[in-house]
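Everything below belongs to upload_30.pdb, which stores PDB, C-alpha atoms.
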```
ATOM      1  CA  MET A   1      13.532 -20.558  -0.326
ATOM      2  CA  SER A   2      11.276 -20.055  -3.273
ATOM      3  CA  ARG A   3      13.312 -19.166  -6.351
ATOM      4  CA  GLU A   4      10.209 -17.817  -8.099
ATOM      5  CA  ASN A   5       9.390 -15.496  -5.176
ATOM      6  CA  LEU A   6      13.002 -14.382  -4.908
ATOM      7  CA  ASP A   7      13.011 -13.529  -8.622
ATOM      8  CA  LYS A   8       9.761 -11.555  -8.195
ATOM      9  CA  PHE A   9      11.264  -9.697  -5.244
ATOM     10  CA  ASN A  10      14.519  -8.908  -7.056
ATOM     11  CA  ASN A  11      12.660  -7.758 -10.175
ATOM     12  CA  ALA A  12      10.382  -5.462  -8.148
ATOM     13  CA  VAL A  13      13.313  -3.883  -6.305
ATOM     14  CA  SER A  14      15.230  -3.585  -9.569
ATOM     15  CA  ALA A  15      12.332  -1.894 -11.373
ATOM     16  CA  ILE A  16      11.595   0.616  -8.606
ATOM     17  CA  LEU A  17      15.166   1.538  -7.716
ATOM     18  CA  GLY A  18      16.689   1.292 -11.188
ATOM     19  CA  VAL A  19      19.404  -1.193 -10.264
ATOM     20  CA  ALA A  20      20.201  -4.458 -12.022
ATOM     21  CA  ALA A  21      18.362  -7.478 -10.594
ATOM     22  CA  ASP A  22      21.686  -9.191  -9.870
ATOM     23  CA  GLU A  23      22.687  -6.172  -7.741
ATOM     24  CA  VAL A  24      19.759  -6.747  -5.373
ATOM     25  CA  VAL A  25      21.615  -8.169  -2.380
ATOM     26  CA  ASP A  26      20.788  -8.135   1.326
ATOM     27  CA  SER A  27      23.216  -5.288   2.039
ATOM     28  CA  LEU A  28      21.494  -2.946  -0.452
ATOM     29  CA  SER A  29      19.871  -0.132   1.521
ATOM     30  CA  SER A  30      18.524   3.385   1.344
ATOM     31  CA  GLU A  31      21.971   4.544   2.424
ATOM     32  CA  SER A  32      23.737   2.846  -0.484
ATOM     33  CA  VAL A  33      21.324   3.617  -3.346
ATOM     34  CA  ASP A  34      20.636   7.232  -4.263
ATOM     35  CA  SER A  35      17.311   6.380  -5.896
ATOM     36  CA  TRP A  36      16.018   4.795  -2.644
ATOM     37  CA  ASP A  37      14.324   7.935  -1.374
ATOM     38  CA  SER A  38      11.089   8.228   0.605
ATOM     39  CA  LEU A  39       8.872   8.212  -2.491
ATOM     40  CA  ASN A  40      10.550   5.165  -3.992
ATOM     41  CA  HIS A  41      10.362   3.448  -0.613
ATOM     42  CA  ILE A  42       6.569   3.874  -0.691
ATOM     43  CA  ASN A  43       6.524   2.687  -4.322
ATOM     44  CA  LEU A  44       8.623  -0.325  -3.356
ATOM     45  CA  ILE A  45       6.327  -1.274  -0.484
ATOM     46  CA  GLY A  46       3.296  -0.930  -2.783
ATOM     47  CA  ALA A  47       4.923  -3.078  -5.472
ATOM     48  CA  LEU A  48       5.798  -5.796  -2.955
ATOM     49  CA  GLU A  49       2.272  -5.746  -1.507
ATOM     50  CA  GLN A  50       0.799  -6.135  -4.973
ATOM     51  CA  GLU A  51       3.298  -8.765  -6.099
ATOM     52  CA  PHE A  52       2.843 -10.981  -3.040
ATOM     53  CA  GLY A  53      -0.774 -10.206  -2.113
ATOM     54  CA  VAL A  54      -0.009  -8.962   1.397
ATOM     55  CA  MET A  55      -0.758  -5.803   3.343
ATOM     56  CA  LEU A  56       2.288  -4.504   5.153
ATOM     57  CA  PRO A  57       1.658  -2.433   8.291
ATOM     58  CA  THR A  58       2.287   1.245   7.627
ATOM     59  CA  GLU A  59       3.614   1.849  11.128
ATOM     60  CA  SER A  60       6.577  -0.475  10.574
ATOM     61  CA  ILE A  61       7.526  -0.002   6.917
ATOM     62  CA  ALA A  62       9.777   2.981   7.602
ATOM     63  CA  SER A  63      12.002   0.717   9.714
ATOM     64  CA  PHE A  64      12.763  -1.613   6.818
ATOM     65  CA  GLN A  65      15.110   0.405   4.606
ATOM     66  CA  SER A  66      17.269  -2.443   3.324
ATOM     67  CA  VAL A  67      16.779  -5.497   1.161
ATOM     68  CA  ALA A  68      17.423  -7.731   4.187
ATOM     69  CA  GLY A  69      14.832  -5.796   6.189
ATOM     70  CA  LEU A  70      12.228  -6.012   3.433
ATOM     71  CA  LYS A  71      12.796  -9.765   3.122
ATOM     72  CA  SER A  72      12.319 -10.090   6.881
ATOM     73  CA  LEU A  73       9.137  -8.027   6.766
ATOM     74  CA  LEU A  74       7.731 -10.212   3.986
ATOM     75  CA  ALA A  75       8.715 -13.377   5.872
ATOM     76  CA  ASP A  76       6.797 -12.077   8.900
ATOM     77  CA  HIS A  77       3.754 -11.982   6.611
ATOM     78  CA  GLY A  78       4.159 -15.525   5.302
ATOM     79  CA  VAL A  79       6.084 -14.820   2.093
ATOM     80  CA  GLU A  80       8.891 -17.313   1.560
ATOM     81  CA  LEU A  81      11.868 -15.909  -0.339
TER      82      LEU A  81
END
```
Using the file provided, produce a representation of the structure as structure tokens.
Amino acid sequence: MSRENLDKFNNAVSAILGVAADEVVDSLSSESVDSWDSLNHINLIGALEQEFGVMLPTESIASFQSVAGLKSLLADHGVEL
């Protein structure tokens, strides 16, 4: 696990969703955070793509509506968190 990448991930999620970085845990999801709406989900995906230099497939991003899911999606694209 790359601590630097994990910090980047947590900071991106924190900035987009307006939660504290230490509150970014695997169980955090669109169901548990009011600010995690469809627009912020797109913003979050864009921020992660920019931060980690990857292109995430648009057909699958809607399925990943939790921190654990986003980490898995990034791992599938070679990003170690």
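You will find CA of Ala15 in chain A at 21.7 Å from CA of Thr58 in chain A.
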Given the PyMOL selection byres ((chain A and resi 27-39) around 6), the residues it picks as a list of chain:residue names
A:Leu17, A:Val25, A:Asp26, A:Asn40, A:His41, A:Ile42, A:Gln65, A:Ser66, A:Val67
May I have the centre and edge lengths, in Å to one decimal, of an axis-aligned box around the listed atoms of range 28-32 of chain A with 8 Å added to every side, as lines of an AutoDock Vina configuration file?
```
center_x = 21.1
center_y = 0.8
center_z = 1.0
size_x = 21.2
size_y = 23.5
size_z = 18.9
```
I need the residue set behind the PyMOL selection byres ((chain A and resi 70) around 10) for this file; please write it as a PyMOL selection string.
chain A and resi 9+26+29+44-45+48+61+63-69+71-76
One number please: CA of Leu81 in chain A to CA of Ser2 in chain A, in Å, one decimal.
5.1 Å
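The smallest atom-to-atom distance between Ala12 in chain A and any of A:Ala47, A:Val24, A:Gly78, A:Ala62, using all atoms listed in the file, is found for A:Ala47.
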CA of Phe52 in chain A to CA of Val79 in chain A measures 7.2 Å
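Compared by their closest atoms to Leu56 in chain A, and using all atoms listed in the file, the residues A:Asn11, A:Arg3, A:His77, A:Gly18 rank with A:His77 nearest.
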Keeping C-alpha atoms, write chain A of the structure just shown out as a compact mmCIF listing (two decimals), in the first residue's frame.
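Produced file decode-v1.txt, reproduced below:
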```txt
# COMPACT_ATOMS: atom_id res chain seq x y z
CA MET A 1 0.00 0.00 0.00
CA SER A 2 1.34 3.36 -0.98
CA ARG A 3 0.79 5.86 1.82
CA GLU A 4 1.32 8.77 -0.58
CA ASN A 5 -1.34 7.45 -2.99
CA LEU A 6 -3.73 6.74 -0.14
CA ASP A 7 -3.29 10.32 1.12
CA LYS A 8 -3.95 11.65 -2.41
CA PHE A 9 -7.07 9.50 -2.66
CA ASN A 10 -8.38 10.54 0.76
CA ASN A 11 -7.70 14.22 0.05
CA ALA A 12 -9.51 14.06 -3.31
CA VAL A 13 -12.56 12.37 -1.78
CA SER A 14 -12.49 14.81 1.12
CA ALA A 15 -12.31 17.86 -1.15
CA ILE A 16 -15.11 16.74 -3.48
CA LEU A 17 -17.52 15.42 -0.86
CA GLY A 18 -16.76 17.91 1.91
CA VAL A 19 -15.89 15.33 4.55
CA ALA A 20 -12.78 15.24 6.71
CA ALA A 21 -9.92 13.20 5.23
CA ASP A 22 -9.89 10.96 8.31
CA GLU A 23 -13.57 10.15 7.66
CA VAL A 24 -12.74 8.63 4.27
CA VAL A 25 -13.14 4.94 5.09
CA ASP A 26 -14.05 1.97 2.90
CA SER A 27 -17.66 1.93 4.12
CA LEU A 28 -18.27 5.55 3.00
CA SER A 29 -20.76 5.48 0.13
CA SER A 30 -23.27 7.49 -1.83
CA GLU A 31 -25.90 6.14 0.55
CA SER A 32 -24.14 7.46 3.65
CA VAL A 33 -23.01 10.90 2.44
CA ASP A 34 -25.62 13.43 1.33
CA SER A 35 -23.12 15.35 -0.79
CA TRP A 36 -22.30 12.21 -2.84
CA ASP A 37 -24.82 12.90 -5.58
CA SER A 38 -24.51 12.18 -9.30
CA LEU A 39 -22.69 15.43 -10.07
CA ASN A 40 -20.17 14.98 -7.27
CA HIS A 41 -19.68 11.37 -8.35
CA ILE A 42 -18.62 12.63 -11.80
CA ASN A 43 -16.41 15.27 -10.15
CA LEU A 44 -14.87 12.59 -7.95
CA ILE A 45 -14.11 10.31 -10.89
CA GLY A 46 -12.55 13.24 -12.77
CA ALA A 47 -10.42 14.21 -9.77
CA LEU A 48 -9.18 10.64 -9.33
CA GLU A 49 -8.38 10.35 -13.05
CA GLN A 50 -6.39 13.56 -12.92
CA GLU A 51 -4.66 12.75 -9.64
CA PHE A 52 -3.54 9.28 -10.71
CA GLY A 53 -3.17 9.77 -14.48
CA VAL A 54 -5.66 7.06 -15.45
CA MET A 55 -8.76 6.94 -17.62
CA LEU A 56 -11.60 5.12 -15.92
CA PRO A 57 -14.17 3.46 -18.19
CA THR A 58 -17.40 5.45 -18.23
CA GLU A 59 -19.54 2.33 -18.56
CA SER A 60 -18.43 1.03 -15.16
CA ILE A 61 -18.03 4.14 -13.00
CA ALA A 62 -21.68 4.23 -11.96
CA SER A 63 -21.20 0.85 -10.27
CA PHE A 64 -18.53 2.15 -7.92
CA GLN A 65 -20.45 4.30 -5.44
CA SER A 66 -18.35 3.62 -2.35
CA VAL A 67 -14.82 4.31 -1.23
CA ALA A 68 -14.07 0.57 -1.31
CA GLY A 69 -15.44 0.35 -4.85
CA LEU A 70 -13.41 3.33 -6.04
CA LYS A 71 -10.25 1.84 -4.53
CA SER A 72 -10.99 -1.42 -6.35
CA LEU A 73 -11.57 0.41 -9.62
CA LEU A 74 -8.26 2.24 -9.28
CA ALA A 75 -6.46 -1.00 -8.39
CA ASP A 76 -7.86 -2.55 -11.58
CA HIS A 77 -6.08 0.27 -13.42
CA GLY A 78 -2.72 -0.22 -11.72
CA VAL A 79 -3.02 2.34 -8.92
CA GLU A 80 -1.72 0.99 -5.63
CA LEU A 81 -3.44 2.44 -2.57
```
